[in-house]
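Below is target-v4.txt, which holds compact mmCIF, N, CA and C atoms and all ligand atoms.
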# COMPACT_ATOMS: atom_id res chain seq x y z
N MET A 1 34.06 91.70 164.31
CA MET A 1 33.11 90.89 165.08
C MET A 1 33.54 90.80 166.54
N ILE A 2 32.57 90.70 167.40
CA ILE A 2 32.83 90.58 168.84
C ILE A 2 32.57 89.12 169.22
N LYS A 3 33.49 88.53 169.95
CA LYS A 3 33.34 87.14 170.39
C LYS A 3 32.61 87.13 171.73
N LEU A 4 31.57 86.31 171.79
CA LEU A 4 30.76 86.22 173.00
C LEU A 4 30.82 84.82 173.57
N ARG A 5 30.85 84.73 174.88
CA ARG A 5 30.79 83.43 175.56
C ARG A 5 29.63 83.51 176.55
N PHE A 6 28.67 82.64 176.38
CA PHE A 6 27.53 82.57 177.29
C PHE A 6 27.73 81.36 178.20
N VAL A 7 27.86 81.62 179.49
CA VAL A 7 28.13 80.56 180.46
C VAL A 7 26.85 80.31 181.26
N SER A 8 26.49 79.06 181.42
CA SER A 8 25.30 78.72 182.20
C SER A 8 25.50 79.11 183.67
N ALA A 9 24.41 79.18 184.40
CA ALA A 9 24.47 79.61 185.80
C ALA A 9 25.39 78.73 186.62
N ASP A 10 25.40 77.43 186.32
CA ASP A 10 26.25 76.52 187.09
C ASP A 10 27.64 76.36 186.49
N GLY A 11 27.90 77.06 185.40
CA GLY A 11 29.22 77.02 184.76
C GLY A 11 29.46 75.75 183.96
N ALA A 12 28.47 74.88 183.89
CA ALA A 12 28.67 73.57 183.25
C ALA A 12 28.67 73.64 181.73
N SER A 13 28.01 74.66 181.17
CA SER A 13 27.99 74.72 179.71
C SER A 13 28.35 76.13 179.24
N VAL A 14 29.03 76.16 178.11
CA VAL A 14 29.46 77.42 177.51
C VAL A 14 29.05 77.39 176.05
N ARG A 15 28.42 78.46 175.61
CA ARG A 15 28.08 78.59 174.20
C ARG A 15 28.82 79.80 173.65
N GLU A 16 29.54 79.61 172.58
CA GLU A 16 30.27 80.72 171.98
C GLU A 16 29.51 81.23 170.77
N ALA A 17 29.62 82.53 170.54
CA ALA A 17 28.92 83.15 169.42
C ALA A 17 29.73 84.36 168.96
N GLU A 18 29.41 84.85 167.80
CA GLU A 18 30.01 86.08 167.31
C GLU A 18 28.89 87.03 166.94
N ALA A 19 29.15 88.32 167.10
CA ALA A 19 28.14 89.30 166.77
C ALA A 19 28.83 90.55 166.26
N ALA A 20 28.09 91.33 165.50
CA ALA A 20 28.65 92.56 164.93
C ALA A 20 28.45 93.73 165.87
N ALA A 21 29.31 94.71 165.75
CA ALA A 21 29.13 95.96 166.50
C ALA A 21 27.77 96.54 166.15
N GLY A 22 27.14 97.13 167.15
CA GLY A 22 25.83 97.72 166.95
C GLY A 22 24.69 96.81 167.33
N GLU A 23 25.00 95.52 167.52
CA GLU A 23 23.95 94.59 167.94
C GLU A 23 23.75 94.69 169.45
N ARG A 24 22.56 94.32 169.88
CA ARG A 24 22.21 94.39 171.30
C ARG A 24 22.40 93.02 171.94
N LEU A 25 23.01 93.00 173.11
CA LEU A 25 23.31 91.74 173.78
C LEU A 25 22.06 90.90 174.00
N LEU A 26 20.96 91.51 174.37
CA LEU A 26 19.73 90.74 174.61
C LEU A 26 19.33 89.95 173.36
N ASP A 27 19.39 90.59 172.21
CA ASP A 27 18.98 89.92 170.97
C ASP A 27 19.90 88.75 170.64
N ILE A 28 21.19 88.95 170.85
CA ILE A 28 22.15 87.89 170.54
C ILE A 28 21.96 86.70 171.48
N ALA A 29 21.75 87.02 172.76
CA ALA A 29 21.53 85.95 173.74
C ALA A 29 20.29 85.14 173.38
N GLN A 30 19.21 85.81 173.06
CA GLN A 30 17.98 85.11 172.70
C GLN A 30 18.16 84.30 171.43
N ASP A 31 18.87 84.85 170.45
CA ASP A 31 19.11 84.12 169.20
C ASP A 31 19.93 82.85 169.44
N ASN A 32 20.70 82.86 170.54
CA ASN A 32 21.53 81.69 170.87
C ASN A 32 20.89 80.82 171.94
N GLY A 33 19.59 80.98 172.15
CA GLY A 33 18.85 80.10 173.03
C GLY A 33 19.05 80.34 174.50
N LYS A 34 19.56 81.50 174.86
CA LYS A 34 19.76 81.79 176.28
C LYS A 34 18.44 82.20 176.93
N PRO A 35 18.25 81.81 178.19
CA PRO A 35 16.95 81.99 178.85
C PRO A 35 16.74 83.42 179.38
N LEU A 36 16.77 84.38 178.50
CA LEU A 36 16.49 85.76 178.90
C LEU A 36 15.16 86.17 178.30
N GLU A 37 14.22 86.42 179.17
CA GLU A 37 12.88 86.69 178.69
C GLU A 37 12.81 88.06 177.99
N GLY A 38 13.37 89.08 178.62
CA GLY A 38 13.35 90.41 177.99
C GLY A 38 11.94 90.89 177.75
N THR A 39 11.10 90.76 178.75
CA THR A 39 9.66 90.99 178.60
C THR A 39 9.32 92.35 178.00
N CYS A 40 9.99 93.39 178.42
CA CYS A 40 9.61 94.74 177.96
C CYS A 40 10.37 95.17 176.71
N GLU A 41 11.18 94.28 176.16
CA GLU A 41 11.92 94.56 174.91
C GLU A 41 12.78 95.81 175.01
N GLY A 42 13.35 96.02 176.18
CA GLY A 42 14.28 97.14 176.33
C GLY A 42 13.64 98.45 176.72
N GLN A 43 12.38 98.41 177.12
CA GLN A 43 11.69 99.65 177.51
C GLN A 43 11.92 100.01 178.97
N MET A 44 12.85 99.30 179.63
CA MET A 44 13.21 99.57 181.02
C MET A 44 12.00 99.45 181.95
N ALA A 45 11.25 98.37 181.77
CA ALA A 45 10.08 98.15 182.60
C ALA A 45 10.08 96.76 183.20
N CYS A 46 11.19 96.03 183.11
CA CYS A 46 11.30 94.72 183.72
C CYS A 46 12.76 94.52 184.09
N SER A 47 13.09 93.39 184.62
CA SER A 47 14.51 93.08 184.83
C SER A 47 14.78 91.64 184.37
N THR A 48 13.98 91.18 183.43
CA THR A 48 14.09 89.79 182.98
C THR A 48 15.20 89.58 181.96
N CYS A 49 15.99 90.61 181.75
CA CYS A 49 17.14 90.48 180.84
C CYS A 49 18.44 90.55 181.64
N HIS A 50 18.34 90.31 182.95
CA HIS A 50 19.50 90.39 183.83
C HIS A 50 20.56 89.36 183.46
N VAL A 51 21.80 89.82 183.33
CA VAL A 51 22.95 88.94 183.10
C VAL A 51 24.08 89.36 184.03
N ILE A 52 25.02 88.46 184.21
CA ILE A 52 26.21 88.76 185.00
C ILE A 52 27.40 88.80 184.05
N VAL A 53 28.05 89.93 184.02
CA VAL A 53 29.19 90.13 183.12
C VAL A 53 30.45 89.66 183.84
N ALA A 54 31.34 88.98 183.11
CA ALA A 54 32.61 88.56 183.72
C ALA A 54 33.34 89.78 184.26
N ALA A 55 33.95 89.62 185.42
CA ALA A 55 34.59 90.75 186.09
C ALA A 55 35.60 91.44 185.19
N GLU A 56 36.36 90.66 184.41
CA GLU A 56 37.39 91.27 183.57
C GLU A 56 36.80 92.07 182.41
N ASP A 57 35.54 91.84 182.09
CA ASP A 57 34.90 92.56 181.00
C ASP A 57 34.03 93.72 181.49
N PHE A 58 33.62 93.65 182.73
CA PHE A 58 32.64 94.61 183.25
C PHE A 58 33.13 96.06 183.11
N ALA A 59 34.37 96.30 183.45
CA ALA A 59 34.88 97.69 183.45
C ALA A 59 35.01 98.25 182.03
N ARG A 60 34.98 97.39 181.02
CA ARG A 60 35.11 97.88 179.64
C ARG A 60 33.76 98.29 179.05
N LEU A 61 32.69 98.02 179.76
CA LEU A 61 31.37 98.43 179.29
C LEU A 61 31.08 99.85 179.77
N PRO A 62 30.32 100.61 178.99
CA PRO A 62 29.87 101.90 179.51
C PRO A 62 29.07 101.67 180.78
N PRO A 63 29.18 102.54 181.78
CA PRO A 63 28.49 102.29 183.04
C PRO A 63 26.96 102.28 182.88
N ALA A 64 26.32 101.55 183.77
CA ALA A 64 24.86 101.51 183.78
C ALA A 64 24.31 102.87 184.20
N GLY A 65 23.21 103.23 183.59
CA GLY A 65 22.54 104.47 183.98
C GLY A 65 21.76 104.28 185.27
N GLU A 66 21.26 105.37 185.81
CA GLU A 66 20.52 105.32 187.07
C GLU A 66 19.27 104.44 186.95
N GLU A 67 18.58 104.55 185.81
CA GLU A 67 17.36 103.77 185.61
C GLU A 67 17.68 102.27 185.57
N GLU A 68 18.78 101.92 184.92
CA GLU A 68 19.20 100.51 184.88
C GLU A 68 19.56 100.02 186.28
N GLU A 69 20.29 100.83 187.03
CA GLU A 69 20.65 100.45 188.40
C GLU A 69 19.39 100.21 189.24
N ASP A 70 18.40 101.07 189.08
CA ASP A 70 17.15 100.92 189.84
C ASP A 70 16.45 99.61 189.48
N LEU A 71 16.42 99.28 188.19
CA LEU A 71 15.76 98.04 187.78
C LEU A 71 16.52 96.81 188.26
N LEU A 72 17.84 96.90 188.29
CA LEU A 72 18.62 95.76 188.76
C LEU A 72 18.31 95.44 190.22
N ASP A 73 17.89 96.45 190.96
CA ASP A 73 17.51 96.20 192.35
C ASP A 73 16.35 95.22 192.46
N LEU A 74 15.58 95.09 191.38
CA LEU A 74 14.41 94.20 191.39
C LEU A 74 14.76 92.79 190.92
N ALA A 75 15.94 92.59 190.37
CA ALA A 75 16.33 91.30 189.82
C ALA A 75 16.83 90.37 190.92
N ALA A 76 16.70 89.07 190.66
CA ALA A 76 17.21 88.06 191.59
C ALA A 76 18.67 87.77 191.29
N HIS A 77 19.41 87.38 192.30
CA HIS A 77 20.80 86.93 192.15
C HIS A 77 21.72 87.99 191.55
N VAL A 78 21.50 89.24 191.94
CA VAL A 78 22.31 90.35 191.43
C VAL A 78 23.70 90.29 192.05
N THR A 79 24.71 90.57 191.24
CA THR A 79 26.08 90.67 191.72
C THR A 79 26.61 92.06 191.39
N ARG A 80 27.83 92.34 191.78
CA ARG A 80 28.38 93.67 191.50
C ARG A 80 28.69 93.87 190.03
N THR A 81 28.64 92.79 189.23
CA THR A 81 28.86 92.94 187.78
C THR A 81 27.59 92.63 187.00
N SER A 82 26.45 92.74 187.64
CA SER A 82 25.18 92.52 186.95
C SER A 82 24.86 93.69 186.03
N ARG A 83 24.24 93.37 184.92
CA ARG A 83 23.76 94.38 183.97
C ARG A 83 22.45 93.88 183.35
N LEU A 84 21.78 94.79 182.65
CA LEU A 84 20.61 94.42 181.87
C LEU A 84 21.04 94.27 180.41
N ALA A 85 20.81 93.08 179.86
CA ALA A 85 21.30 92.81 178.50
C ALA A 85 20.68 93.71 177.45
N CYS A 86 19.50 94.24 177.73
CA CYS A 86 18.87 95.13 176.74
C CYS A 86 19.56 96.48 176.66
N GLN A 87 20.43 96.76 177.61
CA GLN A 87 21.11 98.06 177.64
C GLN A 87 22.56 97.97 177.18
N ILE A 88 22.97 96.79 176.72
CA ILE A 88 24.36 96.62 176.28
C ILE A 88 24.39 96.50 174.76
N TRP A 89 24.98 97.49 174.13
CA TRP A 89 25.15 97.51 172.67
C TRP A 89 26.61 97.21 172.39
N LEU A 90 26.85 96.24 171.56
CA LEU A 90 28.23 95.81 171.32
C LEU A 90 28.99 96.83 170.48
N THR A 91 30.27 96.98 170.82
CA THR A 91 31.17 97.85 170.06
C THR A 91 32.42 97.05 169.72
N ASP A 92 33.09 97.43 168.66
CA ASP A 92 34.32 96.74 168.27
C ASP A 92 35.37 96.83 169.37
N GLU A 93 35.36 97.89 170.14
CA GLU A 93 36.35 98.06 171.20
C GLU A 93 36.25 96.96 172.26
N LEU A 94 35.07 96.37 172.40
CA LEU A 94 34.91 95.31 173.40
C LEU A 94 35.76 94.08 173.07
N GLY A 95 35.82 93.74 171.80
CA GLY A 95 36.61 92.58 171.37
C GLY A 95 35.97 91.26 171.75
N SER A 96 35.73 91.07 173.02
CA SER A 96 35.08 89.85 173.49
C SER A 96 34.30 90.19 174.76
N LEU A 97 33.39 89.28 175.08
CA LEU A 97 32.54 89.51 176.25
C LEU A 97 32.07 88.16 176.77
N THR A 98 32.26 87.94 178.06
CA THR A 98 31.78 86.71 178.69
C THR A 98 30.63 87.06 179.62
N ILE A 99 29.55 86.32 179.44
CA ILE A 99 28.30 86.58 180.15
C ILE A 99 27.86 85.31 180.85
N ARG A 100 27.47 85.43 182.11
CA ARG A 100 26.94 84.28 182.84
C ARG A 100 25.46 84.50 183.12
N MET A 101 24.69 83.47 182.97
CA MET A 101 23.27 83.56 183.29
C MET A 101 23.11 83.55 184.80
N PRO A 102 22.26 84.42 185.35
CA PRO A 102 22.06 84.40 186.80
C PRO A 102 21.38 83.13 187.25
N GLY A 103 21.71 82.65 188.41
CA GLY A 103 21.08 81.44 188.94
C GLY A 103 19.59 81.63 189.11
N GLY A 104 18.85 80.61 188.82
CA GLY A 104 17.41 80.65 189.03
C GLY A 104 16.65 81.36 187.95
N ALA A 105 17.34 81.82 186.90
CA ALA A 105 16.64 82.52 185.83
C ALA A 105 16.01 81.53 184.87
N HIS A 106 14.75 81.67 184.64
CA HIS A 106 14.07 80.81 183.68
C HIS A 106 13.09 81.65 182.89
N ASN A 107 12.95 81.33 181.64
CA ASN A 107 11.92 82.02 180.87
C ASN A 107 10.64 81.20 180.94
N MET A 108 9.67 81.59 180.17
CA MET A 108 8.36 80.95 180.26
C MET A 108 8.40 79.49 179.81
N GLN A 109 9.42 79.12 179.05
CA GLN A 109 9.54 77.73 178.63
C GLN A 109 10.32 76.91 179.66
N GLY A 110 10.79 77.58 180.72
CA GLY A 110 11.51 76.88 181.77
C GLY A 110 12.94 76.56 181.42
N ARG A 111 13.49 77.20 180.37
CA ARG A 111 14.87 76.96 179.97
C ARG A 111 15.81 77.74 180.86
S1 LIG B 1 14.11 93.74 178.60
FE1 LIG B 1 13.05 94.78 180.17
S2 LIG B 1 14.60 95.95 181.15
FE2 LIG B 1 15.69 94.77 179.66
Would you mind giving the structure from this file in structure tokens?
Amino acid sequence: MIKLRFVSADGASVREAEAAAGERLLDIAQDNGKPLEGTCEGQMACSTCHVIVAAEDFARLPPAGEEEEDLLDLAAHVTRTSRLACQIWLTDELGSLTIRMPGGAHNMQGR
């Protein structure tokens, strides 16, 4: 199992979760109530699944593809460790992953 930590944009709240290898980060985040809309369901047609990966974890992820980099240009509050959660598939090698929600991100329910 991979240990996940979801940190709110202001750092005030942390939700921990576990997930199996092969699961997609977007699905796990949504299952844990995180405000990632994921409008296109991973079809690379939105950037509403934008997350910020902890710096210490970022280098352990496979690099973003060109299409993902292009979509991140459209997201708000992008940092150098930003990724699209729909493009991150968990592997046992990751061990753990800390994810921060970008500031100002809200889904249709305003969460
Ligand atoms: S859900 Fe649309 S690009 Fe990730």
One decimal, Å: what's the distance from atom N of Ala54 (chain A) over to atom C of Glu41 (chain A), could you say?
-> 21.4 Å
List all protein, DNA and RNA residues that have at least one atom no more than 7 Å from any atom of ligand LIG 1 (chain B), counting all atoms listed in the file, and write them as a PyMOL selection string.
-> chain A and resi 37-50+84-87
With a distance cut-off of 12 Å and only C-alpha atoms, select the neighbouring residues of Glu56 (chain A), excluding the residue or stretch itself and same-chain residues fewer than 4 positions from it, and output the selection as a list in words.
->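 Answer for this query is Ile52, Arg60, Leu61, Thr81, Leu94, Ser96, Leu97, Thr98 and Ile99 of chain A.
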For the selection just defined, write its residues with N, CA and C atoms to a file, as a compact mmCIF listing (two decimals), keeping the file's coordinate frame.
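And here's part16.txt as it stands now:
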# COMPACT_ATOMS: atom_id res chain seq x y z
N ILE A 52 25.02 88.46 184.21
CA ILE A 52 26.21 88.76 185.00
C ILE A 52 27.40 88.80 184.05
N ARG A 60 34.98 97.39 181.02
CA ARG A 60 35.11 97.88 179.64
C ARG A 60 33.76 98.29 179.05
N LEU A 61 32.69 98.02 179.76
CA LEU A 61 31.37 98.43 179.29
C LEU A 61 31.08 99.85 179.77
N THR A 81 28.64 92.79 189.23
CA THR A 81 28.86 92.94 187.78
C THR A 81 27.59 92.63 187.00
N LEU A 94 35.07 96.37 172.40
CA LEU A 94 34.91 95.31 173.40
C LEU A 94 35.76 94.08 173.07
N SER A 96 35.73 91.07 173.02
CA SER A 96 35.08 89.85 173.49
C SER A 96 34.30 90.19 174.76
N LEU A 97 33.39 89.28 175.08
CA LEU A 97 32.54 89.51 176.25
C LEU A 97 32.07 88.16 176.77
N THR A 98 32.26 87.94 178.06
CA THR A 98 31.78 86.71 178.69
C THR A 98 30.63 87.06 179.62
N ILE A 99 29.55 86.32 179.44
CA ILE A 99 28.30 86.58 180.15
C ILE A 99 27.86 85.31 180.85
DSSP on the backbone, then: every residue of region 10-77 of chain A marked alpha helix (DSSP H), written as a list in words.
->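 Taking region 10-77 of chain A and keeping alpha helix (DSSP H) gives Leu25, Leu26, Asp27, Ile28, Ala29, Gln30, Asp31, Ala55, Glu56, Asp57, Phe58, Glu66, Glu67, Glu68, Glu69, Asp70, Leu71 and Leu72 of chain A.
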Compile the contact shell of Trp89 (chain A) as a ChimeraX atom specification: residues with an atom at most 6 Å away, counting all atoms listed in the file, same-chain residues fewer than 3 positions apart removed.
-> /A:22-25
Please, could you write that set of residues out with N, CA and C atoms as an mmCIF file, in the coordinates of the input?
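For reference, again-v4.cif as written:
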data_model
loop_
_atom_site.group_PDB
_atom_site.id
_atom_site.type_symbol
_atom_site.label_atom_id
_atom_site.label_comp_id
_atom_site.auth_asym_id
_atom_site.auth_seq_id
_atom_site.Cartn_x
_atom_site.Cartn_y
_atom_site.Cartn_z
ATOM 1 N N GLY A 22 27.140 97.130 167.150
ATOM 2 C CA GLY A 22 25.830 97.720 166.950
ATOM 3 C C GLY A 22 24.690 96.810 167.330
ATOM 4 N N GLU A 23 25.000 95.520 167.520
ATOM 5 C CA GLU A 23 23.950 94.590 167.940
ATOM 6 C C GLU A 23 23.750 94.690 169.450
ATOM 7 N N ARG A 24 22.560 94.320 169.880
ATOM 8 C CA ARG A 24 22.210 94.390 171.300
ATOM 9 C C ARG A 24 22.400 93.020 171.940
ATOM 10 N N LEU A 25 23.010 93.000 173.110
ATOM 11 C CA LEU A 25 23.310 91.740 173.780
ATOM 12 C C LEU A 25 22.060 90.900 174.000
#
When you draw a straight line from atom N of Arg100 (chain A) to atom C of Glu67 (chain A), how long is it in Å?
->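 Between atom N of Arg100 (chain A) and atom C of Glu67 (chain A) the gap is 19.8 Å.
The two atoms in question, CA of Asp92 (chain A) and atom N of Lys3 (chain A), are spaced 8.4 Å apart.
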Pick from A:Gly95, A:Pro63, A:Gly103, A:Val51 nearest to Met1 (chain A), counting all atoms listed in the file | A:Gly95
Name the closest residue to Glu16 (chain A) among the candidates A:Pro102, A:Asp31, A:Leu4, A:Leu36; distances are taken between atoms, counting all atoms listed in the file.
-> A:Leu4
Write a file for region 13-38 of chain A of the given structure; include N, CA, C and O atoms and format it as a compact mmCIF listing (two decimals), in the first residue's frame.
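Writing the result to result-v7.txt gives the following:
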# COMPACT_ATOMS: atom_id res chain seq x y z
N SER A 13 -5.06 21.66 7.33
CA SER A 13 -5.61 20.33 7.56
C SER A 13 -4.88 19.30 6.70
O SER A 13 -4.44 19.59 5.58
N VAL A 14 -4.75 18.12 7.26
CA VAL A 14 -4.08 17.02 6.58
C VAL A 14 -4.98 15.80 6.67
O VAL A 14 -5.50 15.49 7.75
N ARG A 15 -5.20 15.15 5.55
CA ARG A 15 -5.96 13.91 5.56
C ARG A 15 -5.04 12.80 5.06
O ARG A 15 -4.44 12.93 4.00
N GLU A 16 -4.95 11.74 5.82
CA GLU A 16 -4.10 10.63 5.43
C GLU A 16 -4.96 9.52 4.85
O GLU A 16 -6.11 9.32 5.27
N ALA A 17 -4.40 8.81 3.89
CA ALA A 17 -5.12 7.72 3.24
C ALA A 17 -4.11 6.68 2.76
O ALA A 17 -2.91 6.96 2.73
N GLU A 18 -4.60 5.53 2.43
CA GLU A 18 -3.76 4.49 1.84
C GLU A 18 -4.41 4.06 0.54
O GLU A 18 -5.63 4.07 0.40
N ALA A 19 -3.57 3.68 -0.42
CA ALA A 19 -4.10 3.23 -1.69
C ALA A 19 -3.18 2.15 -2.25
O ALA A 19 -2.01 2.07 -1.88
N ALA A 20 -3.73 1.35 -3.13
CA ALA A 20 -2.96 0.25 -3.72
C ALA A 20 -2.26 0.72 -4.98
O ALA A 20 -2.70 1.66 -5.64
N ALA A 21 -1.18 0.05 -5.30
CA ALA A 21 -0.49 0.31 -6.57
C ALA A 21 -1.48 0.08 -7.71
O ALA A 21 -2.34 -0.79 -7.64
N GLY A 22 -1.35 0.91 -8.73
CA GLY A 22 -2.24 0.80 -9.88
C GLY A 22 -3.42 1.74 -9.81
O GLY A 22 -4.13 1.93 -10.80
N GLU A 23 -3.66 2.32 -8.62
CA GLU A 23 -4.76 3.28 -8.51
C GLU A 23 -4.30 4.65 -9.01
O GLU A 23 -3.13 4.99 -8.97
N ARG A 24 -5.27 5.44 -9.42
CA ARG A 24 -4.98 6.77 -9.95
C ARG A 24 -5.18 7.81 -8.86
O ARG A 24 -6.18 7.78 -8.13
N LEU A 25 -4.24 8.73 -8.76
CA LEU A 25 -4.29 9.74 -7.70
C LEU A 25 -5.59 10.53 -7.72
O LEU A 25 -6.16 10.81 -6.67
N LEU A 26 -6.08 10.88 -8.88
CA LEU A 26 -7.32 11.66 -8.96
C LEU A 26 -8.47 10.92 -8.27
O LEU A 26 -9.23 11.51 -7.50
N ASP A 27 -8.59 9.63 -8.53
CA ASP A 27 -9.68 8.85 -7.95
C ASP A 27 -9.57 8.79 -6.43
O ASP A 27 -10.57 8.91 -5.71
N ILE A 28 -8.35 8.61 -5.95
CA ILE A 28 -8.15 8.50 -4.50
C ILE A 28 -8.46 9.84 -3.82
O ILE A 28 -9.09 9.89 -2.77
N ALA A 29 -8.01 10.92 -4.45
CA ALA A 29 -8.27 12.25 -3.89
C ALA A 29 -9.77 12.50 -3.82
O ALA A 29 -10.29 12.97 -2.79
N GLN A 30 -10.48 12.21 -4.88
CA GLN A 30 -11.93 12.43 -4.88
C GLN A 30 -12.62 11.54 -3.86
O GLN A 30 -13.53 11.97 -3.16
N ASP A 31 -12.18 10.29 -3.74
CA ASP A 31 -12.78 9.38 -2.75
C ASP A 31 -12.57 9.88 -1.33
O ASP A 31 -13.33 9.52 -0.42
N ASN A 32 -11.52 10.70 -1.14
CA ASN A 32 -11.22 11.24 0.19
C ASN A 32 -11.71 12.67 0.35
O ASN A 32 -11.26 13.40 1.24
N GLY A 33 -12.62 13.09 -0.52
CA GLY A 33 -13.28 14.38 -0.37
C GLY A 33 -12.44 15.57 -0.77
O GLY A 33 -12.77 16.71 -0.40
N LYS A 34 -11.39 15.35 -1.52
CA LYS A 34 -10.55 16.48 -1.93
C LYS A 34 -11.20 17.21 -3.11
O LYS A 34 -11.86 16.60 -3.95
N PRO A 35 -11.04 18.53 -3.15
CA PRO A 35 -11.77 19.35 -4.12
C PRO A 35 -11.12 19.35 -5.52
O PRO A 35 -10.75 20.39 -6.04
N LEU A 36 -11.01 18.19 -6.11
CA LEU A 36 -10.48 18.10 -7.47
C LEU A 36 -11.63 17.71 -8.39
O LEU A 36 -12.17 16.62 -8.28
N GLU A 37 -11.95 18.62 -9.28
CA GLU A 37 -13.11 18.38 -10.13
C GLU A 37 -12.84 17.26 -11.14
O GLU A 37 -13.66 16.39 -11.34
N GLY A 38 -11.69 17.33 -11.81
CA GLY A 38 -11.38 16.28 -12.78
C GLY A 38 -12.40 16.19 -13.88
O GLY A 38 -12.86 15.11 -14.25
